[in-house]
Structure formats: C-alpha cells, structure tokens
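**Student:** One structure is given below, represented as structure tokens, and several questions about it will come after.
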Amino acid sequence: QEQLVESGGGLVQAGGSLRLSCAAPVLTLEWYAITWFRQAPGKEREGVLCLSKYDQVTYYADSVKGRFTESRDNGENTVYLQMNNLKPEDTAVYYCATDLLDYCPEDRDISPGGMDVWGKGTLVTVSS
C-alpha cells in the first residue's frame, strides 16, 4: 500500500498556478516534516521545500521562493504545495516524502537518500 499519494499535477501555462496534494492513507502527516522534491527530465531529483511539524517552511530551491508555499490540513491528513507564477523550468515530476522526523533537514543536508517514505509523484508541465 502506498504510504504517500500525490495528486494535482497537470499542464498549465506559464504564469499560472497549481496546487499539489500529498495524502497519506496510513501515516499521520501532522506528526512529520514533509518535503517536496522534483525531478526534471534528464536531471537529478532536487529538494524544493519542506514543512515541519511546527509549520515552519524551509526552502531548498531559491528559484521557488516567493512563488511556492506549503501547508497542511490535519483534518484531511493532507499536505499541499501551492505553486504560483509557474515557469517552464518548473516542469518536473513532483514527489512528497518524509524522513519520519518532525523537523526539516538543513539546506546542506537535504538529499533524496535521506527520506524514508515516498509517493510515486505527479507530473507538472508548464508551457511557455
């Protein structure tokens, strides 16, 4: 059974917005920091941002500051990635993940290998 399930991806024009969801059929997401990664075609998976248990956001990709934000709805057991003013370079498969800790990794420590639980990802395509 999948432990994290992403949804909300799709095709959007540059300048548009999307909201991705990360749901958890088994885990209780409010206990953990949830990190979003993305992987563009031909590139390595990179950390984008993280929301701690204490609702503090840590950004790993400078390019998304001021445009992306993360929030959670504990009643729905869901974490959201709100993406505004999307750019073609945001095109990627977006994944939510957690290392089952309550705080976000430091910028210097963020790594896909440090995560314990992943979703299968959702594709975001931004057209110019």
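Quick note on naming: the chains in the structure tokens go A, B, ... in the order shown, residues restart at 1 in each chain, and ligands are numbered from 1 in order of appearance.
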Counting only C-alpha atoms, what is within 12 Å of Val12 (chain A), bar same-chain residues fewer than 5 positions away, as a ChimeraX atom specification?
**Tutor:** /A:17-19,83-88,90-91,123-128
**Student:** Filtering to all heavy atoms, could you give me those residues as a CSV table (one decimal), in the first residue's frame?
**Tutor:**
```csv
chain,number,residue,atom,x,y,z
A,17,SER,N,-1.1,28.8,-12.0
A,17,SER,CA,-0.9,28.2,-10.6
A,17,SER,C,-1.4,26.8,-10.6
A,17,SER,O,-2.3,26.4,-11.4
A,17,SER,CB,-1.7,29.0,-9.6
A,17,SER,OG,-1.2,30.3,-9.5
A,18,LEU,N,-0.9,26.0,-9.7
A,18,LEU,CA,-1.4,24.6,-9.4
A,18,LEU,C,-1.2,24.4,-7.9
A,18,LEU,O,-0.3,25.0,-7.3
A,18,LEU,CB,-0.5,23.6,-10.2
A,18,LEU,CG,-0.8,23.3,-11.6
A,18,LEU,CD1,0.2,22.3,-12.2
A,18,LEU,CD2,-2.3,22.8,-11.8
A,19,ARG,N,-2.1,23.5,-7.4
A,19,ARG,CA,-1.9,23.1,-6.0
A,19,ARG,C,-1.8,21.6,-6.0
A,19,ARG,O,-2.7,20.9,-6.5
A,19,ARG,CB,-3.1,23.5,-5.2
A,19,ARG,CG,-2.8,23.3,-3.7
A,19,ARG,CD,-4.0,23.7,-2.8
A,19,ARG,NE,-5.1,22.8,-2.9
A,19,ARG,CZ,-6.1,22.8,-2.0
A,19,ARG,NH1,-6.1,23.6,-0.9
A,19,ARG,NH2,-7.1,22.0,-2.1
A,83,MET,N,1.7,26.3,-5.9
A,83,MET,CA,2.7,26.8,-6.8
A,83,MET,C,2.1,27.9,-7.7
A,83,MET,O,1.1,27.7,-8.4
A,83,MET,CB,3.2,25.7,-7.7
A,83,MET,CG,3.7,24.5,-7.0
A,83,MET,SD,4.4,23.2,-8.0
A,83,MET,CE,3.0,22.7,-8.9
A,84,ASN,N,2.6,29.1,-7.5
A,84,ASN,CA,2.1,30.3,-8.3
A,84,ASN,C,3.1,30.8,-9.2
A,84,ASN,O,4.3,30.5,-9.1
A,84,ASN,CB,1.7,31.4,-7.3
A,84,ASN,CG,0.6,31.0,-6.3
A,84,ASN,OD1,-0.3,30.3,-6.7
A,84,ASN,ND2,0.7,31.5,-5.1
A,85,ASN,N,2.7,31.6,-10.2
A,85,ASN,CA,3.6,32.1,-11.2
A,85,ASN,C,4.5,31.1,-11.8
A,85,ASN,O,5.8,31.3,-11.8
A,85,ASN,CB,4.4,33.3,-10.6
A,85,ASN,CG,5.1,34.1,-11.6
A,85,ASN,OD1,4.8,34.1,-12.8
A,85,ASN,ND2,6.2,34.8,-11.2
A,86,LEU,N,4.0,30.0,-12.2
A,86,LEU,CA,4.8,28.9,-12.7
A,86,LEU,C,5.6,29.3,-13.9
A,86,LEU,O,5.1,30.1,-14.8
A,86,LEU,CB,3.9,27.7,-13.0
A,86,LEU,CG,3.5,26.9,-11.7
A,86,LEU,CD1,2.2,26.1,-12.0
A,86,LEU,CD2,4.6,26.1,-11.2
A,87,LYS,N,6.7,28.7,-14.0
A,87,LYS,CA,7.6,28.9,-15.2
A,87,LYS,C,7.9,27.6,-15.9
A,87,LYS,O,7.9,26.5,-15.2
A,87,LYS,CB,8.9,29.5,-14.7
A,87,LYS,CG,8.7,30.8,-13.9
A,87,LYS,CD,10.0,31.4,-13.3
A,87,LYS,CE,9.8,32.7,-12.5
A,87,LYS,NZ,11.1,33.2,-12.0
A,88,PRO,N,8.3,27.6,-17.1
A,88,PRO,CA,8.6,26.4,-17.8
A,88,PRO,C,9.7,25.6,-17.1
A,88,PRO,O,9.6,24.3,-17.2
A,88,PRO,CB,9.1,26.9,-19.2
A,88,PRO,CG,8.4,28.2,-19.4
A,88,PRO,CD,8.3,28.8,-18.1
A,90,ASP,N,9.9,25.0,-14.1
A,90,ASP,CA,9.3,24.2,-13.0
A,90,ASP,C,8.8,22.9,-13.5
A,90,ASP,O,8.3,22.1,-12.7
A,90,ASP,CB,8.2,25.0,-12.4
A,90,ASP,CG,8.6,26.3,-11.7
A,90,ASP,OD1,9.7,26.3,-11.1
A,90,ASP,OD2,7.9,27.4,-11.9
A,91,THR,N,8.8,22.6,-14.8
A,91,THR,CA,8.3,21.4,-15.3
A,91,THR,C,9.1,20.2,-14.7
A,91,THR,O,10.4,20.2,-14.8
A,91,THR,CB,8.5,21.4,-16.9
A,91,THR,OG1,7.6,22.3,-17.4
A,91,THR,CG2,8.1,20.0,-17.4
A,123,LEU,N,3.1,14.6,-12.3
A,123,LEU,CA,3.8,15.4,-13.3
A,123,LEU,C,3.2,16.8,-13.5
A,123,LEU,O,2.0,17.0,-13.6
A,123,LEU,CB,3.7,14.7,-14.7
A,123,LEU,CG,4.3,15.4,-15.9
A,123,LEU,CD1,5.8,15.6,-15.7
A,123,LEU,CD2,4.0,14.6,-17.1
A,124,VAL,N,4.1,17.8,-13.4
A,124,VAL,CA,3.7,19.2,-13.7
A,124,VAL,C,4.4,19.6,-14.9
A,124,VAL,O,5.6,19.5,-15.0
A,124,VAL,CB,4.1,20.1,-12.5
A,124,VAL,CG1,3.9,21.6,-12.8
A,124,VAL,CG2,3.3,19.7,-11.2
A,125,THR,N,3.6,20.1,-15.9
A,125,THR,CA,4.2,20.6,-17.2
A,125,THR,C,3.8,22.0,-17.4
A,125,THR,O,2.6,22.3,-17.3
A,125,THR,CB,3.7,19.8,-18.4
A,125,THR,OG1,4.1,18.4,-18.1
A,125,THR,CG2,4.4,20.2,-19.6
A,126,VAL,N,4.7,22.9,-17.5
A,126,VAL,CA,4.4,24.3,-17.7
A,126,VAL,C,4.8,24.7,-19.1
A,126,VAL,O,6.0,24.6,-19.5
A,126,VAL,CB,5.2,25.2,-16.6
A,126,VAL,CG1,4.8,26.7,-16.8
A,126,VAL,CG2,4.9,24.7,-15.2
A,127,SER,N,3.9,25.2,-19.8
A,127,SER,CA,4.1,25.6,-21.2
A,127,SER,C,4.4,27.1,-21.3
A,127,SER,O,3.9,27.9,-20.5
A,127,SER,CB,2.9,25.2,-22.1
A,127,SER,OG,1.8,26.0,-21.7
A,128,SER,N,5.3,27.4,-22.3
A,128,SER,CA,5.7,28.8,-22.4
A,128,SER,C,4.7,29.6,-23.3
A,128,SER,O,3.8,29.0,-23.9
A,128,SER,CB,7.1,28.9,-23.0
A,128,SER,OG,7.2,28.2,-24.2
```
**Student:** Taking 5 positions as the minimum chain separation for residues in the same chain, which residues sit within 10 Å of Tyr94 (chain A) when counting only C-alpha atoms? Answer as an MDAnalysis selection string.
**Tutor:** chainID A and resid 6:9 20 36:40 45:48 81 119:124
**Student:** Could you please take those selected residues and save C-alpha atoms as a CSV table (one decimal), in the first residue's frame?
**Tutor:**
```
chain,number,residue,atom,x,y,z
A,6,GLU,CA,0.5,12.9,-4.7
A,7,SER,CA,-2.1,14.4,-6.9
A,8,GLY,CA,-2.9,17.7,-8.7
A,9,GLY,CA,-0.3,17.8,-11.4
A,20,LEU,CA,-0.5,19.7,-5.4
A,36,TRP,CA,8.7,18.2,-1.7
A,37,PHE,CA,11.2,17.1,-4.3
A,38,ARG,CA,11.1,17.4,-8.0
A,39,GLN,CA,12.9,15.8,-10.9
A,40,ALA,CA,13.0,17.4,-14.3
A,45,ARG,CA,15.9,14.8,-8.1
A,46,GLU,CA,16.2,18.0,-6.1
A,47,GLY,CA,14.7,19.2,-2.8
A,48,VAL,CA,12.2,22.1,-3.2
A,81,LEU,CA,2.1,22.6,-2.3
A,119,GLY,CA,5.0,8.9,-3.1
A,120,LYS,CA,5.1,7.9,-6.8
A,121,GLY,CA,5.0,11.5,-8.0
A,122,THR,CA,2.8,13.8,-10.0
A,123,LEU,CA,3.8,15.4,-13.3
A,124,VAL,CA,3.7,19.2,-13.7
```
**Student:** From the options A:Cys104, A:Val26, A:Ile34, A:Ala92, which residue's atoms come nearest to Glu70 (chain A), counting only C-alpha atoms?
**Tutor:**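 Going through A:Cys104, A:Val26, A:Ile34, A:Ala92 one by one, the smallest distance to Glu70 (chain A) is for A:Ile34.
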**Student:** Using only C-alpha atoms, determine which residues lie at most 9 Å from Asp73 (chain A), disregarding the query and same-chain residues fewer than 6 positions distant; provide the list as a list in words.
**Tutor:**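 Listing them by chain and then by number gives Glu30, Val79 and Tyr80 of chain A.
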**Student:** Hey, which of A:Ala61, A:Glu89, A:Tyr95, A:Gly66 ends up closest to Asp107 (chain A)? Count only C-alpha atoms.
**Tutor:**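 Between A:Ala61, A:Glu89, A:Tyr95, A:Gly66, the residue approaching Asp107 (chain A) most closely is A:Ala61.
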**Student:** Can you tell me how far CA of Leu29 (chain A) sits from CA of Arg108 (chain A), in Å to one decimal?
**Tutor:**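 These atoms are spaced 23.9 Å apart.
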**Student:** Using only C-alpha atoms, which protein or nucleic acid residues come within 7 Å of Tyr59 (chain A)? Drop anything in the same chain fewer than 5 positions from it, and give the result as a PyMOL selection string.
**Tutor:** chain A and resi 48-50+65
**Student:** Can you list, as number ranges by chain, every residue of chain A that DSSP puts in strand (DSSP E or B)?
**Tutor:** A: 5-7, 10-13, 18-23, 34-39, 46-51, 57-59, 68-73, 78-83, 92-98, 117-118, 122-127
**Student:** I need the residue nearest Thr35 (chain A) from this list: A:Gly16, A:Trp118, A:Thr78, A:Val93. Use only C-alpha atoms for the distance.
**Tutor:**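 Result for the nearest residue to Thr35 (chain A): A:Trp118.
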**Student:** Set the distance at 10 Å and use only C-alpha atoms: which residues neighbour Tyr54 (chain A) once local chain neighbours fewer than 3 positions away are removed? I'd like the list as a list in words.
**Tutor:** Glu30, Trp31, Tyr32, Ala33, Leu51, Val57, Asp102, Tyr103 and Cys104 of chain A
**Student:** Could you save the residues just selected, with N, CA and C atoms, as a PDB file, in the first residue's frame?
**Tutor:**
```
ATOM      1  N   GLU A  30       0.543  14.979  10.284  1.00  0.00           N
ATOM      2  CA  GLU A  30       0.786  16.106  11.185  1.00  0.00           C
ATOM      3  C   GLU A  30       1.941  15.829  12.139  1.00  0.00           C
ATOM      4  N   TRP A  31       2.373  14.592  12.250  1.00  0.00           N
ATOM      5  CA  TRP A  31       3.481  14.248  13.133  1.00  0.00           C
ATOM      6  C   TRP A  31       4.846  14.493  12.494  1.00  0.00           C
ATOM      7  N   TYR A  32       4.881  14.698  11.184  1.00  0.00           N
ATOM      8  CA  TYR A  32       6.153  14.672  10.454  1.00  0.00           C
ATOM      9  C   TYR A  32       6.373  15.920   9.614  1.00  0.00           C
ATOM     10  N   ALA A  33       7.643  16.193   9.382  1.00  0.00           N
ATOM     11  CA  ALA A  33       8.007  17.156   8.358  1.00  0.00           C
ATOM     12  C   ALA A  33       7.822  16.500   6.996  1.00  0.00           C
ATOM     13  N   LEU A  51       7.932  21.406   4.986  1.00  0.00           N
ATOM     14  CA  LEU A  51       7.089  21.946   6.053  1.00  0.00           C
ATOM     15  C   LEU A  51       7.276  21.081   7.277  1.00  0.00           C
ATOM     16  N   VAL A  57       8.494  26.560   7.273  1.00  0.00           N
ATOM     17  CA  VAL A  57       8.844  26.192   5.895  1.00  0.00           C
ATOM     18  C   VAL A  57      10.334  26.437   5.672  1.00  0.00           C
ATOM     19  N   ASP A 102      10.272  15.269  12.842  1.00  0.00           N
ATOM     20  CA  ASP A 102       9.321  16.376  12.942  1.00  0.00           C
ATOM     21  C   ASP A 102       9.897  17.705  12.466  1.00  0.00           C
ATOM     22  N   TYR A 103      11.190  17.748  12.173  1.00  0.00           N
ATOM     23  CA  TYR A 103      11.802  18.982  11.707  1.00  0.00           C
ATOM     24  C   TYR A 103      12.368  18.756  10.304  1.00  0.00           C
ATOM     25  N   CYS A 104      12.554  19.849   9.593  1.00  0.00           N
ATOM     26  CA  CYS A 104      13.052  19.752   8.229  1.00  0.00           C
ATOM     27  C   CYS A 104      14.574  19.641   8.212  1.00  0.00           C
TER      28      CYS A 104
END
```
**Student:** Could you tell me which of A:Ser63, A:Glu76, A:Gln13, A:Ser71 comes closest to Pro25 (chain A) if we count only C-alpha atoms?
**Tutor:**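 Of all the options, A:Glu76 lies closest to Pro25 (chain A).
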**Student:** If you measure from CA of Lys53 (chain A) to CA of Pro105 (chain A), what distance in Å do you get, rounded to one decimal?
**Tutor:**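 Result for CA of Lys53 (chain A) versus CA of Pro105 (chain A): 12.1 Å, one decimal.
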**Student:** Which is closer to Val64 (chain A) than all the others in A:Gln82, A:Gln3, A:Thr98, A:Thr28, using only C-alpha atoms?
**Tutor:**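 Using only C-alpha atoms, the shortest distance to Val64 (chain A) belongs to A:Gln82.
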**Student:** Tell me which protein, DNA and RNA residues are within 8 Å of Met115 (chain A), counting only C-alpha atoms, leaving out same-chain ones fewer than 5 positions away, and put them as a list of chain:residue names.
**Tutor:** A:Ala97, A:Thr98, A:Asp99, A:Leu100
**Student:** Could you tell me how far CA of Glu44 (chain A) lies from CA of Val5 (chain A), in Å and to one decimal?
**Tutor:** 21.0 Å
